[in-house]
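One structure is given below, encoded as structure tokens.
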Amino acid sequence: MSGNGVNQDLSEVAGVSSNLRPMKVASSVALLLFLLAGASKGQTGTVPTDDSPTASAIGYKVADFDIKDATLVEALSKLSLEPIAGLHLGIEEIIRDKGSEVADRSVRFSLTLRDVNVRGILDTLCESDNRYTWSADGSSVNVYPREIIGNSSYLLNRELDSIALEKINHPFDALNTLTRLLPGEQLGIAQAGPYNGYPEAWTASFSHLTVRQLMNRLSEHDGPRGGWIWGGSVGQRFFAYFERGFQRDDRRR
């Protein structure tokens, strides 16, 4: 584990799906959420080695990385828009207790970084907001709250014995299968910017992986860039996907 770790504002995106059952719309954000009501094992992640799939992406040097009075997610938004082939981001926000609560914007910071690689940017971001850390998995970089490490009840930490995906055209399609495997969990979907789905139907099966790792695999199948965000509030949690980066301005939320 490492770390002290198109384009449309997330406050304007809507969930898109033809086969997911709509149940509720979150009032606190302008997102149309399709909430799936349904009801383990802990944290995963590896330190990327020189020959790991993420090595070239996190070693990529960014000439200028400047942010002013930004939250960590706003900074990750800027990083997501850098044209870095092989960089897949999985971002987990701190889930709010109530949908009526405003997202916590209390931790803001400014940075001026020159000729720094992605690893250095991630380390600096997680030092600037030390509620978060990051790790690498496959071709993905995951940024998540420190407080969830080792929490086996946290959705993204839950381990799946196996999951089979049959001719899916979009990451959203996998969530139907996921909710059947995890009865009692609630999750929803949203879309972060234009998203065309997979170029052709995809069939795959996985065993002994966490929900976080499944989200990574779904994103990695999409192409050389892209990623996902987990956010919302208790009872109104959602995944949002993006292909080539996302824009975020927390001051507008």
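Residues in the structure tokens are numbered from 1 in each chain, the chains being A, B, ... in the order shown, and ligands are numbered from 1 in the order shown.
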Which residues of segment 145-182 of chain A sit at most 12 Å from segment 220-223 of chain A, using only C-alpha atoms? Give each one's shortest atom pair and distance in Å (one decimal place), in chain and ascending residue order, as a Markdown table.
```
| residue | atom | partner | partner_atom | distance |
| --- | --- | --- | --- | --- |
| A:Ile168 | CA | A:His221 | CA | 11.3 |
| A:Asn169 | CA | A:Asp222 | CA | 10.2 |
| A:His170 | CA | A:Asp222 | CA | 8.8 |
| A:Pro171 | CA | A:Asp222 | CA | 8.9 |
```
Contacts between segment 225-239 of chain A and segment 92-127 of chain A, please, where a residue of segment 92-127 of chain A counts if it comes within 8 Å (with only C-alpha atoms); show its shortest atom pair and distance in Å to one decimal, rows by chain and ascending number, as a tab-separated table.
```
residue	atom	partner	partner_atom	distance
A:Glu92	CA	A:Trp230	CA	4.7
A:Glu93	CA	A:Gly231	CA	5.1
A:Ile94	CA	A:Gly231	CA	6.9
A:Ile95	CA	A:Ser233	CA	5.0
A:Arg96	CA	A:Ser233	CA	4.3
A:Asp97	CA	A:Val234	CA	5.4
A:Lys98	CA	A:Ser233	CA	5.5
A:Gly99	CA	A:Ser233	CA	5.2
```
For the residues in that selection, give me N, CA, C and O atoms as a PDB file, in the first residue's frame.
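Okay, this is what ended up in selection.pdb:
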```
ATOM      1  N   GLU A  92     -13.166   7.027  -3.805  1.00  0.00           N
ATOM      2  CA  GLU A  92     -14.215   6.756  -2.818  1.00  0.00           C
ATOM      3  C   GLU A  92     -14.336   7.942  -1.874  1.00  0.00           C
ATOM      4  O   GLU A  92     -13.426   8.219  -1.086  1.00  0.00           O
ATOM      5  N   GLU A  93     -15.432   8.647  -1.983  1.00  0.00           N
ATOM      6  CA  GLU A  93     -15.663   9.779  -1.095  1.00  0.00           C
ATOM      7  C   GLU A  93     -16.177   9.290   0.257  1.00  0.00           C
ATOM      8  O   GLU A  93     -16.709   8.181   0.380  1.00  0.00           O
ATOM      9  N   ILE A  94     -16.055  10.128   1.263  1.00  0.00           N
ATOM     10  CA  ILE A  94     -16.625   9.828   2.573  1.00  0.00           C
ATOM     11  C   ILE A  94     -18.140   9.939   2.456  1.00  0.00           C
ATOM     12  O   ILE A  94     -18.667  10.978   2.037  1.00  0.00           O
ATOM     13  N   ILE A  95     -18.838   8.866   2.771  1.00  0.00           N
ATOM     14  CA  ILE A  95     -20.291   8.837   2.655  1.00  0.00           C
ATOM     15  C   ILE A  95     -20.916   9.712   3.752  1.00  0.00           C
ATOM     16  O   ILE A  95     -20.598   9.573   4.934  1.00  0.00           O
ATOM     17  N   ARG A  96     -21.808  10.614   3.341  1.00  0.00           N
ATOM     18  CA  ARG A  96     -22.473  11.494   4.294  1.00  0.00           C
ATOM     19  C   ARG A  96     -23.555  10.737   5.063  1.00  0.00           C
ATOM     20  O   ARG A  96     -24.143   9.787   4.556  1.00  0.00           O
ATOM     21  N   ASP A  97     -23.828  11.180   6.281  1.00  0.00           N
ATOM     22  CA  ASP A  97     -24.851  10.537   7.099  1.00  0.00           C
ATOM     23  C   ASP A  97     -26.248  10.772   6.547  1.00  0.00           C
ATOM     24  O   ASP A  97     -27.120   9.898   6.610  1.00  0.00           O
ATOM     25  N   LYS A  98     -26.487  11.983   5.999  1.00  0.00           N
ATOM     26  CA  LYS A  98     -27.809  12.326   5.483  1.00  0.00           C
ATOM     27  C   LYS A  98     -27.676  12.985   4.118  1.00  0.00           C
ATOM     28  O   LYS A  98     -26.731  13.736   3.867  1.00  0.00           O
ATOM     29  N   GLY A  99     -28.651  12.703   3.254  1.00  0.00           N
ATOM     30  CA  GLY A  99     -28.624  13.299   1.926  1.00  0.00           C
ATOM     31  C   GLY A  99     -28.769  14.809   1.963  1.00  0.00           C
ATOM     32  O   GLY A  99     -28.337  15.509   1.036  1.00  0.00           O
TER      33      GLY A  99
END
```
DSSP on the backbone: what in segment 127-241 of chain A comes out helix (DSSP H, G or I), as a ChimeraX atom specification? /A:127-128,146-148,155-157,171-181,211-220
How about saving the chosen residues, N, CA, C and O atoms kept, as a short mmCIF file (atom, residue, chain, number, x, y, z; two decimals), in the first residue's frame?
```cif
data_model
loop_
_atom_site.label_atom_id
_atom_site.label_comp_id
_atom_site.auth_asym_id
_atom_site.auth_seq_id
_atom_site.Cartn_x
_atom_site.Cartn_y
_atom_site.Cartn_z
N GLU A 127 -1.33 13.71 1.65
CA GLU A 127 -0.73 14.42 2.77
C GLU A 127 -1.52 15.70 3.07
O GLU A 127 -1.66 16.10 4.22
N SER A 128 -2.05 16.32 2.02
CA SER A 128 -2.79 17.57 2.18
C SER A 128 -4.16 17.33 2.80
O SER A 128 -4.68 18.20 3.49
N ARG A 146 -9.09 6.68 4.89
CA ARG A 146 -8.30 5.83 5.77
C ARG A 146 -9.19 5.07 6.76
O ARG A 146 -8.88 3.94 7.15
N GLU A 147 -10.29 5.67 7.15
CA GLU A 147 -11.12 5.09 8.19
C GLU A 147 -11.77 3.77 7.78
O GLU A 147 -12.22 3.01 8.63
N ILE A 148 -11.79 3.47 6.50
CA ILE A 148 -12.45 2.23 6.06
C ILE A 148 -11.47 1.05 5.99
O ILE A 148 -11.89 -0.09 5.75
N LEU A 155 -18.81 -1.56 1.97
CA LEU A 155 -19.16 -2.23 0.72
C LEU A 155 -17.97 -2.52 -0.17
O LEU A 155 -17.82 -3.62 -0.69
N LEU A 156 -17.10 -1.54 -0.38
CA LEU A 156 -15.99 -1.72 -1.32
C LEU A 156 -14.97 -2.73 -0.83
O LEU A 156 -14.20 -3.29 -1.62
N ASN A 157 -14.96 -3.00 0.49
CA ASN A 157 -14.05 -4.00 1.06
C ASN A 157 -14.62 -5.41 1.00
O ASN A 157 -13.87 -6.37 1.23
N PRO A 171 -20.56 -0.84 -17.50
CA PRO A 171 -20.35 -1.21 -16.09
C PRO A 171 -21.64 -1.27 -15.29
O PRO A 171 -21.77 -2.08 -14.37
N PHE A 172 -22.62 -0.40 -15.63
CA PHE A 172 -23.89 -0.42 -14.91
C PHE A 172 -24.52 -1.81 -14.93
O PHE A 172 -25.17 -2.23 -13.98
N ASP A 173 -24.36 -2.51 -16.06
CA ASP A 173 -25.01 -3.82 -16.22
C ASP A 173 -24.54 -4.82 -15.17
O ASP A 173 -25.28 -5.73 -14.81
N ALA A 174 -23.31 -4.66 -14.69
CA ALA A 174 -22.77 -5.59 -13.71
C ALA A 174 -23.40 -5.40 -12.33
O ALA A 174 -23.36 -6.30 -11.49
N LEU A 175 -24.01 -4.24 -12.10
CA LEU A 175 -24.53 -3.95 -10.77
C LEU A 175 -25.78 -4.75 -10.45
O LEU A 175 -26.08 -5.02 -9.29
N ASN A 176 -26.53 -5.15 -11.46
CA ASN A 176 -27.65 -6.05 -11.22
C ASN A 176 -27.17 -7.35 -10.59
O ASN A 176 -27.72 -7.83 -9.60
N THR A 177 -26.11 -7.91 -11.19
CA THR A 177 -25.56 -9.16 -10.66
C THR A 177 -24.96 -8.94 -9.28
O THR A 177 -25.14 -9.78 -8.38
N LEU A 178 -24.29 -7.81 -9.08
CA LEU A 178 -23.66 -7.53 -7.79
C LEU A 178 -24.70 -7.45 -6.67
O LEU A 178 -24.47 -8.00 -5.58
N THR A 179 -25.82 -6.79 -6.90
CA THR A 179 -26.81 -6.67 -5.84
C THR A 179 -27.46 -8.01 -5.50
O THR A 179 -27.88 -8.21 -4.36
N ARG A 180 -27.52 -8.90 -6.47
CA ARG A 180 -28.05 -10.25 -6.15
C ARG A 180 -27.08 -11.01 -5.26
O ARG A 180 -27.49 -11.83 -4.44
N LEU A 181 -25.77 -10.74 -5.42
CA LEU A 181 -24.77 -11.41 -4.59
C LEU A 181 -24.67 -10.81 -3.20
O LEU A 181 -24.20 -11.47 -2.27
N VAL A 211 -15.30 -5.88 -3.97
CA VAL A 211 -16.14 -5.02 -4.80
C VAL A 211 -15.29 -3.93 -5.43
O VAL A 211 -15.48 -3.57 -6.59
N ARG A 212 -14.35 -3.40 -4.69
CA ARG A 212 -13.44 -2.37 -5.23
C ARG A 212 -12.70 -2.93 -6.46
O ARG A 212 -12.59 -2.26 -7.49
N GLN A 213 -12.16 -4.12 -6.34
CA GLN A 213 -11.43 -4.71 -7.46
C GLN A 213 -12.35 -4.97 -8.65
O GLN A 213 -11.93 -4.81 -9.81
N LEU A 214 -13.59 -5.35 -8.39
CA LEU A 214 -14.54 -5.53 -9.49
C LEU A 214 -14.77 -4.21 -10.22
O LEU A 214 -14.77 -4.16 -11.46
N MET A 215 -14.95 -3.12 -9.48
CA MET A 215 -15.13 -1.82 -10.12
C MET A 215 -13.91 -1.46 -10.96
O MET A 215 -14.03 -0.89 -12.05
N ASN A 216 -12.73 -1.80 -10.45
CA ASN A 216 -11.51 -1.54 -11.22
C ASN A 216 -11.50 -2.32 -12.53
O ASN A 216 -11.15 -1.79 -13.58
N ARG A 217 -11.86 -3.60 -12.47
CA ARG A 217 -11.85 -4.41 -13.68
C ARG A 217 -12.86 -3.88 -14.71
O ARG A 217 -12.59 -3.87 -15.91
N LEU A 218 -14.02 -3.44 -14.23
CA LEU A 218 -15.04 -2.90 -15.13
C LEU A 218 -14.53 -1.64 -15.81
O LEU A 218 -14.78 -1.42 -17.00
N SER A 219 -13.80 -0.80 -15.07
CA SER A 219 -13.26 0.42 -15.64
C SER A 219 -12.10 0.13 -16.59
O SER A 219 -12.01 0.73 -17.68
N GLU A 220 -11.23 -0.78 -16.21
CA GLU A 220 -10.06 -1.09 -17.04
C GLU A 220 -10.45 -1.67 -18.39
O GLU A 220 -9.74 -1.46 -19.39
#
```
Can you pull out every residue within 8 Å of Leu87 of chain A, counting only C-alpha atoms, but drop anything in the same chain fewer than 2 positions away, and send it as a short mmCIF file (atom, residue, chain, number, x, y, z; two decimals) with N, CA, C and O atoms, in the first residue's frame?
```cif
data_model
loop_
_atom_site.label_atom_id
_atom_site.label_comp_id
_atom_site.auth_asym_id
_atom_site.auth_seq_id
_atom_site.Cartn_x
_atom_site.Cartn_y
_atom_site.Cartn_z
N THR A 54 0.38 -0.50 -13.48
CA THR A 54 0.25 0.92 -13.16
C THR A 54 1.58 1.66 -13.17
O THR A 54 1.60 2.89 -13.06
N ALA A 57 1.99 4.54 -15.65
CA ALA A 57 1.03 5.63 -15.41
C ALA A 57 1.43 6.45 -14.19
O ALA A 57 1.44 7.68 -14.24
N ILE A 58 1.78 5.79 -13.08
CA ILE A 58 2.11 6.57 -11.89
C ILE A 58 3.51 7.17 -11.98
O ILE A 58 3.85 8.08 -11.24
N SER A 80 -7.46 13.61 -13.32
CA SER A 80 -8.17 12.73 -14.26
C SER A 80 -8.20 13.29 -15.68
O SER A 80 -8.34 12.54 -16.65
N ILE A 84 -3.11 10.92 -19.59
CA ILE A 84 -2.14 9.92 -19.15
C ILE A 84 -2.69 8.54 -19.49
O ILE A 84 -3.60 8.03 -18.83
N ALA A 85 -2.15 7.92 -20.53
CA ALA A 85 -2.61 6.59 -20.93
C ALA A 85 -2.32 5.59 -19.82
O ALA A 85 -1.23 5.59 -19.24
N LEU A 89 -8.62 5.74 -12.39
CA LEU A 89 -8.82 6.20 -11.02
C LEU A 89 -10.11 5.63 -10.43
O LEU A 89 -11.15 5.66 -11.07
N SER A 139 -4.42 -2.31 -13.04
CA SER A 139 -4.09 -1.09 -13.77
C SER A 139 -4.77 0.13 -13.16
O SER A 139 -4.84 1.18 -13.80
N SER A 140 -5.24 0.00 -11.95
CA SER A 140 -6.00 1.08 -11.31
C SER A 140 -5.28 1.65 -10.10
O SER A 140 -4.51 0.96 -9.43
N VAL A 141 -5.59 2.92 -9.84
CA VAL A 141 -5.17 3.59 -8.62
C VAL A 141 -6.43 3.91 -7.83
O VAL A 141 -7.35 4.52 -8.36
N PRO A 224 -7.88 2.86 -22.32
CA PRO A 224 -6.64 3.28 -21.66
C PRO A 224 -6.81 4.27 -20.52
O PRO A 224 -5.87 4.53 -19.78
N ARG A 225 -8.01 4.87 -20.38
CA ARG A 225 -8.24 5.85 -19.32
C ARG A 225 -9.62 5.63 -18.72
O ARG A 225 -10.34 4.72 -19.10
N GLY A 226 -9.97 6.48 -17.79
CA GLY A 226 -11.30 6.40 -17.20
C GLY A 226 -11.26 5.97 -15.75
O GLY A 226 -10.20 5.75 -15.17
#
```
Using only C-alpha atoms, find the one residue out of A:Asn142, A:Ser135, A:Asn196, A:Ser110 that sits nearest to Ile91 of chain A.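 Using only C-alpha atoms, the shortest distance to Ile91 of chain A belongs to A:Asn142.
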Pick from A:Phe206, A:Tyr241, A:Phe246, A:Phe65 nearest to Gln191 of chain A, counting only C-alpha atoms: A:Tyr241
If you run DSSP over the backbone, which residues in segment 107-224 of chain A end up strand (DSSP E)? Put them as a PyMOL selection string. chain A and resi 109-117+132-137+140-145+159-168+186-191+202-210
Store the residues picked out above, limited to N, CA and C atoms, as a short mmCIF file (atom, residue, chain, number, x, y, z; two decimals), in the first residue's frame.
```
data_model
loop_
_atom_site.label_atom_id
_atom_site.label_comp_id
_atom_site.auth_asym_id
_atom_site.auth_seq_id
_atom_site.Cartn_x
_atom_site.Cartn_y
_atom_site.Cartn_z
N PHE A 109 -6.93 23.10 0.06
CA PHE A 109 -5.49 23.39 0.02
C PHE A 109 -5.11 23.89 -1.37
N SER A 110 -3.95 24.50 -1.43
CA SER A 110 -3.38 24.98 -2.70
C SER A 110 -2.03 24.32 -2.90
N LEU A 111 -1.73 23.99 -4.15
CA LEU A 111 -0.45 23.34 -4.46
C LEU A 111 0.11 23.90 -5.76
N THR A 112 1.41 23.99 -5.82
CA THR A 112 2.11 24.31 -7.06
C THR A 112 3.22 23.28 -7.22
N LEU A 113 3.00 22.33 -8.12
CA LEU A 113 3.96 21.24 -8.32
C LEU A 113 4.51 21.33 -9.74
N ARG A 114 5.80 21.10 -9.87
CA ARG A 114 6.46 21.18 -11.17
C ARG A 114 7.21 19.89 -11.45
N ASP A 115 7.02 19.36 -12.66
CA ASP A 115 7.76 18.19 -13.12
C ASP A 115 7.71 17.07 -12.08
N VAL A 116 6.50 16.72 -11.66
CA VAL A 116 6.30 15.69 -10.64
C VAL A 116 5.51 14.54 -11.25
N ASN A 117 5.86 13.32 -10.83
CA ASN A 117 5.13 12.19 -11.39
C ASN A 117 3.82 11.98 -10.64
N TYR A 132 -7.48 10.66 3.69
CA TYR A 132 -7.44 9.74 2.55
C TYR A 132 -6.05 9.13 2.36
N THR A 133 -6.04 7.98 1.71
CA THR A 133 -4.80 7.35 1.29
C THR A 133 -5.04 6.74 -0.09
N TRP A 134 -4.00 6.12 -0.66
CA TRP A 134 -4.16 5.51 -1.98
C TRP A 134 -3.37 4.23 -2.09
N SER A 135 -3.77 3.38 -3.03
CA SER A 135 -3.03 2.16 -3.32
C SER A 135 -3.28 1.79 -4.78
N ALA A 136 -2.53 0.83 -5.28
CA ALA A 136 -2.67 0.38 -6.66
C ALA A 136 -3.21 -1.03 -6.70
N ASP A 137 -4.01 -1.30 -7.73
CA ASP A 137 -4.57 -2.63 -7.94
C ASP A 137 -4.69 -2.84 -9.44
N SER A 140 -5.24 0.00 -11.95
CA SER A 140 -6.00 1.08 -11.31
C SER A 140 -5.28 1.65 -10.10
N VAL A 141 -5.59 2.92 -9.84
CA VAL A 141 -5.17 3.59 -8.62
C VAL A 141 -6.43 3.91 -7.83
N ASN A 142 -6.47 3.47 -6.58
CA ASN A 142 -7.63 3.70 -5.72
C ASN A 142 -7.30 4.72 -4.64
N VAL A 143 -8.18 5.69 -4.48
CA VAL A 143 -8.06 6.69 -3.42
C VAL A 143 -9.30 6.54 -2.54
N TYR A 144 -9.10 6.39 -1.23
CA TYR A 144 -10.22 6.05 -0.35
C TYR A 144 -9.95 6.57 1.06
N PRO A 145 -10.99 6.66 1.89
CA PRO A 145 -10.81 7.14 3.27
C PRO A 145 -9.99 6.16 4.10
N GLU A 159 -15.71 -9.00 0.03
CA GLU A 159 -15.11 -9.94 -0.93
C GLU A 159 -16.18 -10.82 -1.56
N LEU A 160 -16.04 -11.00 -2.86
CA LEU A 160 -16.94 -11.84 -3.63
C LEU A 160 -16.24 -13.16 -3.91
N ASP A 161 -16.91 -14.27 -3.58
CA ASP A 161 -16.32 -15.58 -3.90
C ASP A 161 -16.19 -15.73 -5.41
N SER A 162 -17.22 -15.33 -6.12
CA SER A 162 -17.17 -15.37 -7.59
C SER A 162 -18.30 -14.51 -8.14
N ILE A 163 -18.10 -14.02 -9.34
CA ILE A 163 -19.14 -13.27 -10.04
C ILE A 163 -18.98 -13.50 -11.53
N ALA A 164 -20.08 -13.79 -12.21
CA ALA A 164 -20.08 -14.04 -13.65
C ALA A 164 -20.88 -12.95 -14.34
N LEU A 165 -20.28 -12.33 -15.33
CA LEU A 165 -20.91 -11.26 -16.09
C LEU A 165 -21.16 -11.77 -17.51
N GLU A 166 -22.40 -11.67 -17.96
CA GLU A 166 -22.78 -12.25 -19.24
C GLU A 166 -23.19 -11.16 -20.22
N LYS A 167 -22.38 -10.94 -21.24
CA LYS A 167 -22.69 -10.04 -22.33
C LYS A 167 -23.13 -8.66 -21.84
N ILE A 168 -22.31 -8.05 -20.99
CA ILE A 168 -22.66 -6.72 -20.49
C ILE A 168 -22.12 -5.67 -21.45
N GLN A 186 -27.33 -1.37 -0.47
CA GLN A 186 -27.96 -0.39 -1.36
C GLN A 186 -26.88 0.29 -2.18
N LEU A 187 -27.14 0.42 -3.47
CA LEU A 187 -26.24 1.19 -4.30
C LEU A 187 -27.02 1.75 -5.47
N GLY A 188 -26.50 2.80 -6.03
CA GLY A 188 -27.13 3.43 -7.18
C GLY A 188 -26.11 3.71 -8.26
N ILE A 189 -26.56 4.31 -9.35
CA ILE A 189 -25.66 4.59 -10.45
C ILE A 189 -25.84 6.02 -10.93
N ALA A 190 -24.78 6.57 -11.45
CA ALA A 190 -24.81 7.88 -12.07
C ALA A 190 -23.77 7.87 -13.17
N GLN A 191 -23.71 8.92 -13.94
CA GLN A 191 -22.74 8.98 -15.03
C GLN A 191 -22.01 10.29 -14.99
N TRP A 202 -19.44 -7.83 -23.40
CA TRP A 202 -18.32 -8.45 -22.70
C TRP A 202 -18.83 -9.52 -21.74
N THR A 203 -18.23 -10.69 -21.82
CA THR A 203 -18.52 -11.77 -20.90
C THR A 203 -17.24 -12.08 -20.12
N ALA A 204 -17.36 -12.13 -18.80
CA ALA A 204 -16.19 -12.38 -17.96
C ALA A 204 -16.63 -12.97 -16.63
N SER A 205 -15.71 -13.64 -15.98
CA SER A 205 -15.98 -14.15 -14.64
C SER A 205 -14.76 -13.91 -13.77
N PHE A 206 -15.00 -13.66 -12.48
CA PHE A 206 -13.93 -13.38 -11.53
C PHE A 206 -14.19 -14.14 -10.25
N SER A 207 -13.13 -14.44 -9.53
CA SER A 207 -13.28 -15.11 -8.24
C SER A 207 -12.34 -14.47 -7.23
N HIS A 208 -12.78 -14.48 -5.99
CA HIS A 208 -11.99 -14.00 -4.85
C HIS A 208 -11.44 -12.59 -5.09
N LEU A 209 -12.34 -11.67 -5.30
CA LEU A 209 -11.97 -10.27 -5.43
C LEU A 209 -12.96 -9.42 -4.65
N THR A 210 -12.53 -8.23 -4.27
CA THR A 210 -13.41 -7.33 -3.54
C THR A 210 -14.28 -6.54 -4.52
#
```
To one decimal in Å, tell me the separation between atom CA of Gly90 of chain A and atom CA of Ile121 of chain A.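 Rounded to one decimal, the two atoms are 15.4 Å apart.
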Quick one: pull the distance between atom CA of Glu74 of chain A and atom CA of Arg248 of chain A, Å, one decimal.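 So the answer is 5.3 Å.
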Figure out the distance between atom CA of Ser56 of chain A and atom CA of Val118 of chain A, please, to one decimal in Å.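 The value is 9.5 Å.
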Between A:Gln247, A:Thr124, A:Ser153, A:Ser106, which is the closest to Lys78 of chain A once you count only C-alpha atoms?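 Smallest distance to Lys78 of chain A is found for A:Gln247.
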